[in-house]
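Data from structure.txt: compact mmCIF, C-alpha atoms
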# COMPACT_ATOMS: atom_id res chain seq x y z
CA MET D 1 -32.53 89.69 -63.69
CA ASN D 2 -32.56 86.44 -61.74
CA ASN D 3 -34.77 84.84 -64.25
CA ALA D 4 -32.36 85.77 -66.97
CA ILE D 5 -29.42 84.13 -65.12
CA ARG D 6 -31.43 80.92 -64.42
CA THR D 7 -32.44 80.65 -68.05
CA LEU D 8 -28.85 81.14 -69.16
CA THR D 9 -27.57 78.40 -66.81
CA ILE D 10 -30.13 75.87 -68.01
CA ALA D 11 -29.27 76.58 -71.58
CA LEU D 12 -25.59 76.11 -70.82
CA LEU D 13 -26.15 72.75 -69.10
CA ALA D 14 -28.32 71.62 -71.97
CA LEU D 15 -25.42 72.21 -74.28
CA VAL D 16 -22.69 70.65 -72.08
CA MET D 17 -24.35 67.41 -70.74
CA PRO D 18 -24.81 65.68 -74.10
CA ALA D 19 -21.14 66.23 -74.82
CA VAL D 20 -20.14 64.67 -71.49
CA ALA D 21 -22.48 61.77 -72.03
CA LEU D 22 -20.91 61.11 -75.39
CA ALA D 23 -17.33 61.44 -74.10
CA LEU D 24 -17.54 59.01 -71.09
CA PRO D 25 -18.44 55.84 -72.99
CA ALA D 26 -15.56 56.54 -75.28
CA ASP D 27 -13.04 56.36 -72.31
CA THR D 28 -14.42 53.38 -70.29
CA THR D 29 -14.99 51.05 -73.15
CA ALA D 30 -11.45 51.40 -74.40
CA VAL D 31 -10.80 47.60 -73.96
CA SER D 32 -9.52 45.11 -76.41
CA PRO D 33 -12.37 43.11 -77.87
CA THR D 34 -10.34 39.87 -77.19
CA ALA D 35 -9.82 40.44 -73.35
CA ARG D 36 -11.99 38.39 -71.00
CA PRO D 37 -13.81 40.11 -68.16
CA TYR D 38 -12.27 39.57 -64.64
CA ILE D 39 -14.46 37.61 -62.26
CA THR D 40 -13.67 37.25 -58.53
CA PRO D 41 -13.59 33.49 -57.72
CA VAL D 42 -15.91 32.27 -54.98
CA ARG D 43 -15.53 28.95 -53.14
CA THR D 44 -18.57 26.91 -53.62
CA ALA D 45 -18.20 25.38 -50.10
CA THR D 46 -18.75 28.74 -48.45
CA ASN D 47 -22.06 28.98 -50.11
CA ARG D 48 -23.14 25.57 -48.86
CA THR D 49 -25.60 25.48 -46.05
CA LEU D 50 -24.05 23.36 -43.28
CA PRO D 51 -26.22 21.40 -40.93
CA PRO D 52 -25.69 22.11 -37.22
CA PRO D 53 -23.17 19.83 -35.46
CA ARG D 54 -24.56 16.59 -34.21
CA GLY D 55 -25.97 16.96 -30.75
CA THR D 56 -26.68 20.66 -31.03
CA ASP D 57 -29.51 21.60 -28.76
CA GLU D 58 -32.84 22.26 -30.55
CA LYS D 59 -33.14 25.45 -28.58
CA ILE D 60 -29.91 26.74 -30.11
CA ILE D 61 -31.11 25.86 -33.60
CA GLU D 62 -34.36 27.67 -32.98
CA GLN D 63 -32.50 30.70 -31.67
CA TYR D 64 -30.34 30.69 -34.74
CA LEU D 65 -33.26 30.35 -37.12
CA SER D 66 -35.17 33.07 -35.32
CA GLY D 67 -32.30 35.45 -36.00
CA ASP D 68 -30.81 35.59 -32.50
CA THR D 69 -27.46 34.33 -33.76
CA ALA D 70 -25.32 35.95 -31.05
CA LYS D 71 -27.14 34.19 -28.26
CA ALA D 72 -27.18 30.93 -30.19
CA LEU D 73 -23.44 31.09 -30.80
CA ALA D 74 -22.76 31.82 -27.14
CA GLN D 75 -24.87 28.87 -26.11
CA ALA D 76 -23.18 26.62 -28.64
CA ARG D 77 -19.82 27.66 -27.27
CA ARG D 78 -20.92 26.81 -23.75
CA ASP D 79 -22.00 23.39 -24.95
CA SER D 80 -18.70 22.84 -26.68
CA LEU D 81 -16.74 23.83 -23.59
CA GLN D 82 -18.86 21.58 -21.46
CA ARG D 83 -18.08 18.64 -23.69
CA ALA D 84 -14.37 19.44 -23.47
CA TYR D 85 -14.36 20.16 -19.73
CA THR D 86 -16.95 17.87 -18.26
CA ARG D 87 -18.28 19.05 -14.95
CA TYR D 88 -20.02 16.94 -12.35
CA PRO D 89 -21.91 18.22 -9.34
CA THR D 90 -19.94 18.94 -6.20
CA LEU D 91 -21.33 15.79 -4.63
CA THR D 92 -21.53 13.49 -7.61
CA ASP D 93 -22.39 10.40 -5.60
CA ILE D 94 -21.77 8.52 -2.39
CA THR D 95 -20.38 5.01 -2.63
CA ILE D 96 -20.52 2.26 -0.04
CA ALA D 97 -18.12 -0.61 -0.70
CA MET D 98 -17.18 -3.88 0.93
CA ASN D 99 -13.73 -5.38 0.71
CA ILE D 100 -14.08 -9.10 0.10
CA ALA D 101 -10.55 -9.98 -0.98
CA ASP D 102 -9.30 -11.63 2.18
CA PRO D 103 -12.28 -13.91 2.88
CA VAL D 104 -11.82 -15.22 -0.65
CA LEU D 105 -8.07 -15.62 -0.19
CA MET D 106 -8.64 -17.55 3.04
CA LEU D 107 -10.20 -20.22 0.85
CA PHE D 108 -6.84 -20.47 -0.91
CA GLY D 109 -4.82 -20.88 2.27
CA GLN D 110 -4.35 -17.38 3.61
CA HIS D 111 -4.28 -17.30 7.40
CA PHE D 112 -5.65 -13.82 8.07
CA ALA D 113 -8.45 -11.59 6.89
CA ASN D 114 -9.38 -7.95 6.80
CA VAL D 115 -13.01 -7.20 6.06
CA ASP D 116 -14.06 -3.60 5.84
CA LEU D 117 -16.79 -1.30 4.73
CA SER D 118 -15.93 2.01 3.19
CA ILE D 119 -17.89 5.13 2.47
CA THR D 120 -16.65 7.47 -0.25
CA ALA D 121 -17.92 10.90 -1.22
CA ASN D 122 -17.28 11.53 -4.89
CA LEU D 123 -16.66 15.27 -5.29
CA TRP D 124 -16.80 16.62 -8.84
CA ASN D 125 -16.09 13.03 -9.93
CA ARG D 126 -12.44 13.76 -9.10
CA LEU D 127 -11.62 14.00 -5.42
CA GLN D 128 -12.93 11.22 -3.21
CA PRO D 129 -12.51 11.42 0.58
CA THR D 130 -12.84 7.92 1.98
CA LEU D 131 -13.38 6.36 5.37
CA GLU D 132 -12.75 2.63 5.74
CA ALA D 133 -13.64 0.73 8.90
CA GLY D 134 -13.44 -2.97 9.44
CA ILE D 135 -12.30 -5.92 11.47
CA GLY D 136 -9.34 -8.22 11.11
CA TRP D 137 -8.29 -11.53 12.58
CA ALA D 138 -5.67 -14.21 12.11
CA LYS D 139 -4.94 -17.78 13.05
CA ASN D 140 -1.85 -19.50 11.80
CA THR D 141 -0.21 -22.79 12.66
CA PRO D 142 2.64 -23.07 10.14
CA ASP D 143 3.62 -26.50 8.98
CA GLY D 144 6.77 -27.76 10.69
CA LEU D 145 6.78 -25.02 13.32
CA ASN D 146 5.90 -25.18 16.96
CA PHE D 147 3.22 -22.60 17.69
CA THR D 148 -0.21 -21.25 16.86
CA TYR D 149 -0.51 -17.51 16.29
CA ARG D 150 -3.88 -15.96 17.08
CA ASN D 151 -5.15 -12.45 16.57
CA LYS D 152 -8.50 -11.88 18.19
CA VAL D 153 -11.02 -10.02 16.07
CA ALA D 154 -9.98 -6.39 16.28
CA PRO D 155 -11.27 -3.20 14.67
CA TYR D 156 -9.30 -0.91 12.45
CA VAL D 157 -9.91 2.31 10.61
CA ARG D 158 -8.35 3.92 7.56
CA ILE D 159 -8.95 7.42 6.31
CA GLY D 160 -7.73 9.05 3.12
CA ALA D 161 -8.72 10.14 -0.36
CA ASN D 162 -8.55 9.10 -4.01
CA TYR D 163 -8.08 11.13 -7.16
CA ASN D 164 -10.04 9.83 -10.15
CA PHE D 165 -8.20 10.30 -13.41
CA LEU D 166 -11.29 9.42 -15.50
CA TYR D 167 -13.16 12.43 -14.19
CA LYS D 168 -14.58 13.15 -17.65
CA SER D 169 -16.02 9.68 -17.86
CA GLU D 170 -18.98 8.24 -16.05
CA PRO D 171 -18.40 7.85 -12.30
CA LYS D 172 -18.86 4.10 -12.46
CA TYR D 173 -15.61 3.85 -14.44
CA GLN D 174 -12.65 5.09 -12.47
CA VAL D 175 -8.87 4.85 -12.45
CA MET D 176 -7.52 6.31 -9.26
CA LEU D 177 -4.53 7.02 -7.08
CA GLY D 178 -4.91 7.64 -3.39
CA PHE D 179 -3.53 7.46 0.11
CA ARG D 180 -4.67 6.15 3.47
CA LEU D 181 -3.73 6.58 7.10
CA GLY D 182 -4.61 3.55 9.20
CA TYR D 183 -4.81 2.78 12.91
CA THR D 184 -5.67 -0.25 14.99
CA ASN D 185 -5.53 -1.43 18.58
CA PHE D 186 -5.44 -5.19 19.07
CA ARG D 187 -4.40 -8.22 21.12
CA TYR D 188 -2.55 -11.30 20.01
CA SER D 189 -1.47 -14.60 21.49
CA ILE D 190 1.00 -17.32 20.63
CA THR D 191 -0.21 -20.59 22.02
CA ASP D 192 0.76 -24.25 21.92
CA ILE D 193 4.45 -23.45 21.88
CA HIS D 194 6.27 -26.77 21.92
CA TYR D 195 9.86 -26.57 23.05
CA HIS D 196 12.07 -29.60 22.81
CA ASN D 197 15.66 -29.56 24.06
CA THR D 198 17.48 -32.59 22.77
CA TYR D 199 20.49 -32.12 25.03
CA TRP D 200 18.58 -32.06 28.32
CA GLN D 201 15.70 -34.13 26.93
CA GLU D 202 13.22 -31.42 27.88
CA ASP D 203 9.79 -31.22 26.37
CA LEU D 204 7.92 -28.10 27.40
CA GLN D 205 4.79 -26.32 26.39
CA ALA D 206 4.24 -22.59 26.81
CA ASP D 207 1.85 -19.83 25.85
CA ILE D 208 2.25 -16.11 25.32
CA ASN D 209 -1.20 -14.75 25.97
CA ASN D 210 -2.97 -11.46 25.40
CA GLU D 211 -0.14 -9.28 24.24
CA ARG D 212 -1.43 -5.80 23.45
CA SER D 213 -0.37 -3.62 20.59
CA HIS D 214 -1.41 -0.68 18.49
CA ALA D 215 -0.18 0.37 15.08
CA LEU D 216 -0.23 3.40 12.83
CA TRP D 217 0.56 3.07 9.16
CA GLY D 218 0.28 4.77 5.78
CA GLU D 219 -0.68 3.49 2.35
CA LEU D 220 -0.30 4.66 -1.24
CA LEU D 221 -2.77 2.99 -3.53
CA ALA D 222 -3.67 2.62 -7.19
CA GLY D 223 -6.89 1.06 -8.33
CA ILE D 224 -9.75 0.87 -10.73
CA LYS D 225 -13.50 0.61 -10.54
CA VAL D 226 -15.78 -0.78 -13.22
CA GLY D 227 -19.57 -0.64 -13.25
CA ILE D 228 -21.23 -4.01 -13.65
CA ALA D 229 -24.97 -3.34 -13.34
CA ARG D 230 -26.90 -0.17 -12.68
CA GLN D 231 -25.09 1.43 -9.76
CA TRP D 232 -23.15 -1.65 -8.70
CA ALA D 233 -19.46 -1.82 -9.43
CA LEU D 234 -16.41 -3.98 -8.79
CA GLY D 235 -12.98 -2.62 -8.11
CA TRP D 236 -9.57 -3.42 -6.78
CA THR D 237 -6.68 -1.52 -5.32
CA ILE D 238 -3.05 -2.43 -4.85
CA ARG D 239 -1.53 -0.75 -1.84
CA LEU D 240 2.06 -0.03 -0.97
CA HIS D 241 2.14 0.41 2.79
CA GLY D 242 4.54 0.97 5.63
CA LEU D 243 4.32 1.13 9.40
CA PHE D 244 4.91 4.47 11.07
CA ASN D 245 4.77 3.02 14.56
CA TYR D 246 3.71 -0.11 16.43
CA SER D 247 4.08 -1.32 19.98
CA HIS D 248 5.16 -4.77 21.16
CA SER D 249 6.32 -6.59 24.25
CA ASP D 250 9.73 -8.12 24.85
CA ARG D 251 8.30 -11.58 24.36
CA ALA D 252 6.66 -11.29 20.97
CA ARG D 253 6.25 -8.93 18.10
CA PRO D 254 2.93 -9.13 16.31
CA TRP D 255 3.04 -11.10 13.11
CA TYR D 256 -0.27 -9.76 11.82
CA ILE D 257 -1.74 -6.28 12.19
CA PRO D 258 -5.50 -5.86 11.59
CA GLY D 259 -6.13 -3.70 8.54
CA TYR D 260 -2.48 -3.87 7.53
CA GLY D 261 -1.79 -7.57 7.08
CA PRO D 262 1.47 -9.33 7.92
CA ARG D 263 3.82 -6.90 9.66
CA SER D 264 6.70 -7.67 7.31
CA GLY D 265 4.53 -7.23 4.21
CA LYS D 266 4.88 -4.18 1.98
CA ILE D 267 1.98 -4.71 -0.39
CA GLY D 268 -1.72 -5.14 0.23
CA PHE D 269 -4.75 -5.75 -1.99
CA THR D 270 -8.40 -5.01 -1.75
CA PHE D 271 -11.19 -6.24 -3.96
CA THR D 272 -14.45 -4.44 -3.45
CA ILE D 273 -18.05 -4.62 -4.49
CA SER D 274 -19.71 -1.25 -4.25
CA HIS D 275 -22.99 0.50 -4.65
CA SER D 276 -23.29 4.19 -5.46
CA PHE D 277 -26.06 6.49 -4.39
CA GLY D 278 -26.58 9.52 -6.60
CA LYS D 279 -27.60 10.55 -10.10
CA GLN D 280 -24.07 10.15 -11.44
CA GLN D 281 -24.89 12.56 -14.24
CA GLN D 282 -23.18 15.61 -15.55
CA LYS D 283 -24.45 19.01 -14.68
CA ASN D 284 -26.86 20.22 -17.30
CA ASN D 285 -26.24 23.32 -19.36
CA ASP D 286 -28.42 25.61 -17.30
CA ASN D 287 -26.27 25.03 -14.26
CA ASN D 288 -23.16 26.09 -16.10
CA THR D 289 -23.98 29.76 -16.22
CA ASN D 290 -20.50 30.65 -15.05
CA LEU D 291 -18.97 29.30 -18.23
CA PRO D 292 -18.16 31.81 -20.98
CA MET I 1 -15.33 -0.99 -26.22
CA LYS I 2 -14.91 2.34 -24.49
CA HIS I 3 -14.30 0.73 -21.14
CA LEU I 4 -12.51 -2.38 -22.34
CA VAL I 5 -9.21 -1.38 -20.75
CA PRO I 6 -10.65 -0.80 -17.25
CA SER I 7 -12.54 -4.08 -17.54
CA LEU I 8 -9.39 -5.99 -18.46
CA LEU I 9 -7.50 -4.31 -15.64
CA LEU I 10 -10.26 -5.35 -13.27
CA LEU I 11 -9.85 -8.97 -14.33
CA LEU I 12 -6.07 -8.76 -14.10
CA GLY I 13 -6.25 -7.31 -10.62
CA ALA I 14 -8.65 -9.95 -9.44
CA CYS I 15 -6.31 -12.68 -10.68
CA SER I 16 -3.27 -11.05 -9.10
CA LEU I 17 -4.96 -11.26 -5.71
CA LEU I 18 -4.15 -14.94 -5.71
CA LEU I 19 -0.41 -14.37 -6.07
CA PRO I 20 0.51 -13.45 -2.47
CA ALA I 21 -1.00 -16.66 -1.14
CA ALA I 22 1.11 -18.66 -3.56
CA CYS I 23 4.38 -16.81 -3.17
CA SER I 24 5.04 -16.59 0.58
CA ASP I 25 8.64 -17.28 1.56
CA GLY I 26 8.72 -19.32 4.74
CA SER I 27 12.47 -19.46 5.36
CA CYS I 28 14.05 -18.35 8.62
CA SER I 29 17.09 -16.16 8.12
CA ASP I 30 18.04 -16.24 11.83
CA LEU I 31 18.42 -19.09 14.31
CA GLN I 32 15.58 -21.23 15.55
CA ASN I 33 16.89 -21.14 19.10
CA ALA I 34 18.29 -18.51 21.45
CA LEU I 35 21.09 -20.36 23.28
CA PRO I 36 23.91 -18.27 24.74
CA LEU I 37 27.09 -18.27 22.69
CA MET I 38 30.27 -18.67 24.76
CA GLN I 39 33.59 -17.37 23.46
CA PHE I 40 37.11 -17.99 24.72
CA THR I 41 39.08 -14.77 25.04
CA THR I 42 42.64 -14.04 26.08
CA SER I 43 42.83 -12.10 29.35
CA GLY I 44 43.90 -8.51 28.98
CA THR I 45 42.82 -8.38 25.37
CA ALA I 46 39.51 -8.54 23.61
CA THR I 47 40.72 -11.02 21.04
CA ALA I 48 39.23 -14.46 20.70
CA THR I 49 41.49 -17.42 21.26
CA THR I 50 41.26 -21.07 20.36
CA PRO I 51 42.45 -23.52 22.98
CA THR I 52 43.89 -26.65 21.40
CA SER I 53 41.78 -29.03 23.47
CA VAL I 54 38.43 -28.22 25.03
CA THR I 55 35.95 -30.59 26.58
CA VAL I 56 32.56 -29.27 27.73
CA ARG I 57 29.79 -31.19 29.42
CA GLY I 58 26.59 -30.15 31.10
CA ILE I 59 26.48 -31.28 34.70
CA GLY I 60 23.55 -33.63 35.04
CA ALA I 61 23.40 -34.60 31.41
CA THR I 62 23.56 -38.31 30.78
CA GLY I 63 24.20 -40.54 27.84
CA ALA I 64 26.74 -40.71 25.11
CA ASP I 65 25.77 -37.31 23.76
CA SER I 66 26.42 -35.48 27.00
CA LEU I 67 29.67 -34.01 25.71
CA LEU I 68 29.14 -30.68 23.97
CA ALA I 69 32.79 -30.66 22.92
CA ASN I 70 35.20 -33.53 23.15
CA ASN I 71 38.86 -32.61 23.05
CA GLU I 72 38.29 -30.16 20.27
CA ALA I 73 40.02 -26.97 19.29
CA LEU I 74 37.32 -24.35 19.35
CA SER I 75 36.84 -20.71 20.15
CA GLU I 76 33.05 -20.51 20.44
CA LEU I 77 30.35 -22.85 21.68
CA TYR I 78 26.59 -22.61 22.21
CA LEU I 79 25.64 -23.61 25.77
CA PRO I 80 22.25 -25.36 26.04
CA LEU I 81 20.47 -24.04 29.10
CA ARG I 82 17.63 -25.89 30.77
CA ALA I 83 14.33 -24.20 30.00
CA ASN I 84 12.57 -25.70 32.99
CA ASP I 85 15.20 -24.53 35.50
CA THR I 86 17.00 -21.32 36.37
CA ILE I 87 20.49 -22.72 36.94
CA THR I 88 22.64 -24.76 34.62
CA ARG I 89 26.23 -25.83 35.29
CA PHE I 90 28.89 -26.88 32.83
CA GLU I 91 32.27 -28.53 33.22
CA ILE I 92 34.99 -27.06 31.05
CA THR I 93 38.23 -28.99 30.71
CA LEU I 94 41.14 -27.27 29.01
CA ASN I 95 44.04 -29.14 27.46
CA ASN I 96 43.16 -32.22 29.54
CA ALA I 97 44.76 -30.49 32.46
CA THR I 98 42.32 -28.36 34.42
CA THR I 99 38.56 -28.63 34.84
CA ASP I 100 36.46 -25.62 35.84
CA THR I 101 32.77 -25.33 36.55
CA LEU I 102 30.70 -22.59 34.97
CA CYS I 103 27.46 -21.74 36.74
CA VAL I 104 24.82 -19.79 34.82
CA ARG I 105 21.81 -18.32 36.62
CA TYR I 106 19.08 -17.09 34.31
CA GLN I 107 15.39 -16.64 33.69
CA PRO I 108 13.90 -18.57 30.74
CA ILE I 109 11.34 -16.52 28.81
CA PRO I 110 9.06 -17.85 26.06
CA TYR I 111 9.73 -15.82 22.94
CA PHE I 112 8.03 -15.60 19.56
CA ALA I 113 10.59 -14.84 16.90
CA GLY I 114 8.19 -14.79 13.96
CA PRO I 115 6.21 -17.06 11.69
CA GLU I 116 9.35 -18.22 9.89
CA CYS I 117 11.63 -18.95 12.85
CA GLY I 118 8.97 -20.02 15.31
CA ALA I 119 8.76 -19.79 19.07
CA MET I 120 11.56 -20.56 21.50
CA TYR I 121 12.95 -19.68 24.89
CA VAL I 122 15.28 -16.76 25.34
CA PHE I 123 17.35 -16.50 28.51
CA GLN I 124 17.80 -13.47 30.70
CA LEU I 125 21.29 -13.96 32.11
CA ASN I 126 21.26 -12.89 35.74
CA ASP I 127 24.54 -14.15 37.12
CA LEU I 128 27.64 -15.98 35.96
CA SER I 129 30.27 -17.60 38.13
CA ILE I 130 33.20 -19.90 37.42
CA THR I 131 35.98 -21.66 39.23
CA THR I 132 39.45 -20.47 38.34
CA TYR I 133 41.69 -23.52 38.07
CA GLY I 134 42.53 -22.97 34.47
CA ILE I 135 40.28 -20.04 33.62
CA ASP I 136 40.71 -16.45 34.73
CA SER I 137 37.15 -15.20 34.73
CA VAL I 138 33.80 -15.03 32.92
CA GLU I 139 31.95 -11.95 31.69
CA ARG I 140 28.37 -11.42 30.58
CA ILE I 141 28.24 -9.54 27.29
CA ILE I 142 24.50 -9.28 26.68
CA PRO I 143 21.72 -9.45 29.29
CA VAL I 144 19.24 -11.43 27.20
CA THR I 145 20.05 -13.99 24.56
CA GLY I 146 18.44 -13.82 21.13
CA ASN I 147 18.10 -15.92 18.01
CA VAL I 148 20.96 -14.18 16.26
CA PRO I 149 24.63 -15.22 16.33
CA GLN I 150 25.97 -12.94 19.07
CA VAL I 151 28.45 -13.67 21.85
CA ALA I 152 26.60 -13.75 25.16
CA LEU I 153 29.47 -14.55 27.55
CA ARG I 154 33.25 -14.56 27.41
CA ILE I 155 35.57 -16.99 29.16
CA TYR I 156 38.91 -15.29 29.84
CA LEU I 157 41.95 -17.54 29.70
CA PRO I 158 45.47 -16.74 30.92
CA ALA I 159 47.66 -15.40 28.18
CA ASP I 160 50.14 -18.30 28.59
CA SER I 161 47.55 -21.07 28.40
Can you give me the file's structure in the form of structure tokens?
Amino acid sequence: MNNAIRTLTIALLALVMPAVALALPADTTAVSPTARPYITPVRTATNRTLPPPRGTDEKIIEQYLSGDTAKALAQARRDSLQRAYTRYPTLTDITIAMNIADPVLMLFGQHFANVDLSITANLWNRLQPTLEAGIGWAKNTPDGLNFTYRNKVAPYVRIGANYNFLYKSEPKYQVMLGFRLGYTNFRYSITDIHYHNTYWQEDLQADINNERSHALWGELLAGIKVGIARQWALGWTIRLHGLFNYSHSDRARPWYIPGYGPRSGKIGFTFTISHSFGKQQQKNNDNNTNLP
Amino acid sequence: MKHLVPSLLLLLGACSLLLPAACSDGSCSDLQNALPLMQFTTSGTATATTPTSVTVRGIGATGADSLLANNEALSELYLPLRANDTITRFEITLNNATTDTLCVRYQPIPYFAGPECGAMYVFQLNDLSITTYGIDSVERIIPVTGNVPQVALRIYLPADS
């Protein structure tokens, strides 16, 4: 019975399938002989094989070629981010600088000098805590006046920090803003005071010796630093400063304050030659594992 | 080329260092002495007055220039004190009628006013006394003279003088 049904089905299919095969081509080829076939356009550029961007690490290229494209893309992204957001080590370098502005200016007639050494820690090539320590002195006998002002050599100290706006650049090139807090304790004298009273025909000489004073002041500064050779650099700062406090006797106010300059002055300058200790290089890629 | 701007700024800054040495202003805006300023005042009021004729001379001063004021109408006068003494006396003649003697006791103190104004003596005024033939009294206004224009002592005159 089953065999009879199977045989009947096969015979039926044998009759039907040729008819279907004949009917289908008749429906799908019902196109005008003049119509052009539709072709999806493809941009030729997308088929071009692009070379890797300049500077791409060989390791990334190898990863890509080996088929590990996900890892290669992630690494390439890290590299790209690092170029955009340059990172330097926490302690990029340590710089020791000497301020030589005033000794030079004394050659041009200035009557005082501040000479200091500074040590600066360059953190992330951005924030730079600084300690400046030095000595200052003055001797001035103004033309046409009747005294000699003397400041004995006295120490001073300034502490503060800079912010480097060229933090993406090499550390030997810097443009910075900063602040300082300064303090000094010093003695001063006014000697060879000639006093002439024409009415009484008096001619006297007097001295004001060893007056003691101390001063506290603040500074806002702007400056630059430019590398000149290897890890040597030159730089200058212009400083707007003001006294917070200073002491004086009834007989004389100090004209000059070590580390500050003339008491009535509002602007100071430094010109420094510096040497940096440190690699001054960016962190390499392996250290940037926290980047996405 | 990348660091041309910082390099130029470095040069500019180095040149500007020379400016302060060339641009210092050495003028003195105050006085270059600290003599006491005397003012004539009408008794009973605090208003300054100007006698029509005043002659002032330092006692002990000699020569043709010994007169500080010679029959002048004035309301204020700087009194030169001796810096090598602690007492100075002045004769004050009013309207060619009465002559009084002003005695000033003081302590001269060397004083440094600054690099522009120089050094001078200031005077700590300890005591003032005056005869009263034509003058009522004298008053100390400030204890220590300075190199600024400020009345240090007042001479009180009768209202009808």
| task | Return the neighbours of chain I among the residues of chain D, cut-off 7 Å, counting all atoms listed in the file, as a list in words. | result |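 The contacting residues on chain D are Leu105, Phe108, Gly109, Gln110, Leu145, Asn146, Phe147, Ile193, Tyr195, Trp200, Ala206, Ile224, Val226, Gly235, Trp236, Arg251, Ala252, Trp255 and Phe269 of chain D.
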| Non-local contacts of D:Tyr183 (10 Å; all atoms listed in the file; under 4 positions in same chain excluded) as JSON, numbers by chain | {"D": [133, 155, 156, 157, 158, 159, 214, 215, 216, 217, 218, 243, 245, 246, 257, 258, 259, 260]}
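For the pair atom CA of D:Leu221 and atom CA of D:Arg239, the separation is 4.3 Å.
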| request: Between atom CA of I:Val54 and atom CA of I:Ala69, measure the distance and give it in Å to one decimal. | output: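 Result for atom CA of I:Val54 versus atom CA of I:Ala69: 6.5 Å, one decimal.
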| task | In the coordinates of the file, take the point (37.9, -12.5, 19.5) and a cut-off of 12 Å; then, counting all atoms listed in the file, name each qualifying protein, DNA or RNA residue as a ChimeraX atom specification. | result | /I:38-50,74-76,150-151,153-156
| Between atom CA of D:Phe186 and atom CA of D:Tyr149 - distance in Å to one decimal | 13.6 Å
| note | With distances taken over all atoms listed in the file, the candidate from I:Asn147, I:Asn71, I:Gln107, I:Thr99 nearest I:Ile130 is I:Thr99
| request: Find the residue from I:Ile59, I:Gly134, I:Gln124, I:Pro36 that sits nearest to I:Cys103; use all atoms listed in the file when measuring. | output: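 Smallest distance to I:Cys103 is found for I:Ile59.
For D:Ala154, the non-local neighbours within 9 Å, defined as residues at least 5 positions apart in the same chain or in other chains and counting all atoms listed in the file, are Gly134, Ile135, Gly136, Trp137, Thr184, Asn185, Phe186, Arg187 and Pro258 of chain D.
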Put those residues in a file: C-alpha atoms, as a short mmCIF file (atom, residue, chain, number, x, y, z; two decimals), in the coordinates of the input.
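Writing the result to again-v8.cif gives the following:
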data_model
loop_
_atom_site.label_atom_id
_atom_site.label_comp_id
_atom_site.auth_asym_id
_atom_site.auth_seq_id
_atom_site.Cartn_x
_atom_site.Cartn_y
_atom_site.Cartn_z
CA GLY D 134 -13.44 -2.97 9.44
CA ILE D 135 -12.30 -5.92 11.47
CA GLY D 136 -9.34 -8.22 11.11
CA TRP D 137 -8.29 -11.53 12.58
CA THR D 184 -5.67 -0.25 14.99
CA ASN D 185 -5.53 -1.43 18.58
CA PHE D 186 -5.44 -5.19 19.07
CA ARG D 187 -4.40 -8.22 21.12
CA PRO D 258 -5.50 -5.86 11.59
#
| message | Taking only C-alpha atoms into account, name the residue in D:Pro142, D:Asn151, D:Ala101, D:Gly160 that is nearest to D:Gln128. | response |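 Ranking D:Pro142, D:Asn151, D:Ala101, D:Gly160 by distance to D:Gln128, first place goes to D:Gly160.
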Will you give me stretch 80-87 of chain I, written with N, CA, C and O atoms and laid out as a short mmCIF file (atom, residue, chain, number, x, y, z; two decimals), in the first residue's frame?
data_model
loop_
_atom_site.label_atom_id
_atom_site.label_comp_id
_atom_site.auth_asym_id
_atom_site.auth_seq_id
_atom_site.Cartn_x
_atom_site.Cartn_y
_atom_site.Cartn_z
N PRO I 80 64.34 128.31 61.27
CA PRO I 80 65.54 127.46 61.21
C PRO I 80 66.09 127.20 62.61
O PRO I 80 66.52 128.14 63.29
N LEU I 81 66.07 125.96 63.00
CA LEU I 81 66.61 125.61 64.32
C LEU I 81 68.06 125.17 64.15
O LEU I 81 68.44 124.61 63.12
N ARG I 82 68.85 125.43 65.20
CA ARG I 82 70.24 124.96 65.16
C ARG I 82 70.26 123.44 65.31
O ARG I 82 69.62 122.89 66.21
N ALA I 83 71.03 122.79 64.46
CA ALA I 83 71.10 121.32 64.55
C ALA I 83 72.16 120.87 65.54
O ALA I 83 72.14 119.72 65.97
N ASN I 84 73.07 121.79 65.90
CA ASN I 84 74.10 121.38 66.86
C ASN I 84 73.82 121.94 68.24
O ASN I 84 74.72 122.10 69.05
N ASP I 85 72.57 122.28 68.52
CA ASP I 85 72.16 122.79 69.83
C ASP I 85 70.76 122.27 70.12
O ASP I 85 70.12 121.66 69.24
N THR I 86 70.30 122.52 71.33
CA THR I 86 68.95 122.05 71.69
C THR I 86 68.02 123.21 72.03
O THR I 86 66.87 122.98 72.41
N ILE I 87 68.55 124.42 71.94
CA ILE I 87 67.71 125.60 72.19
C ILE I 87 67.99 126.63 71.11
O ILE I 87 69.14 126.88 70.76
#
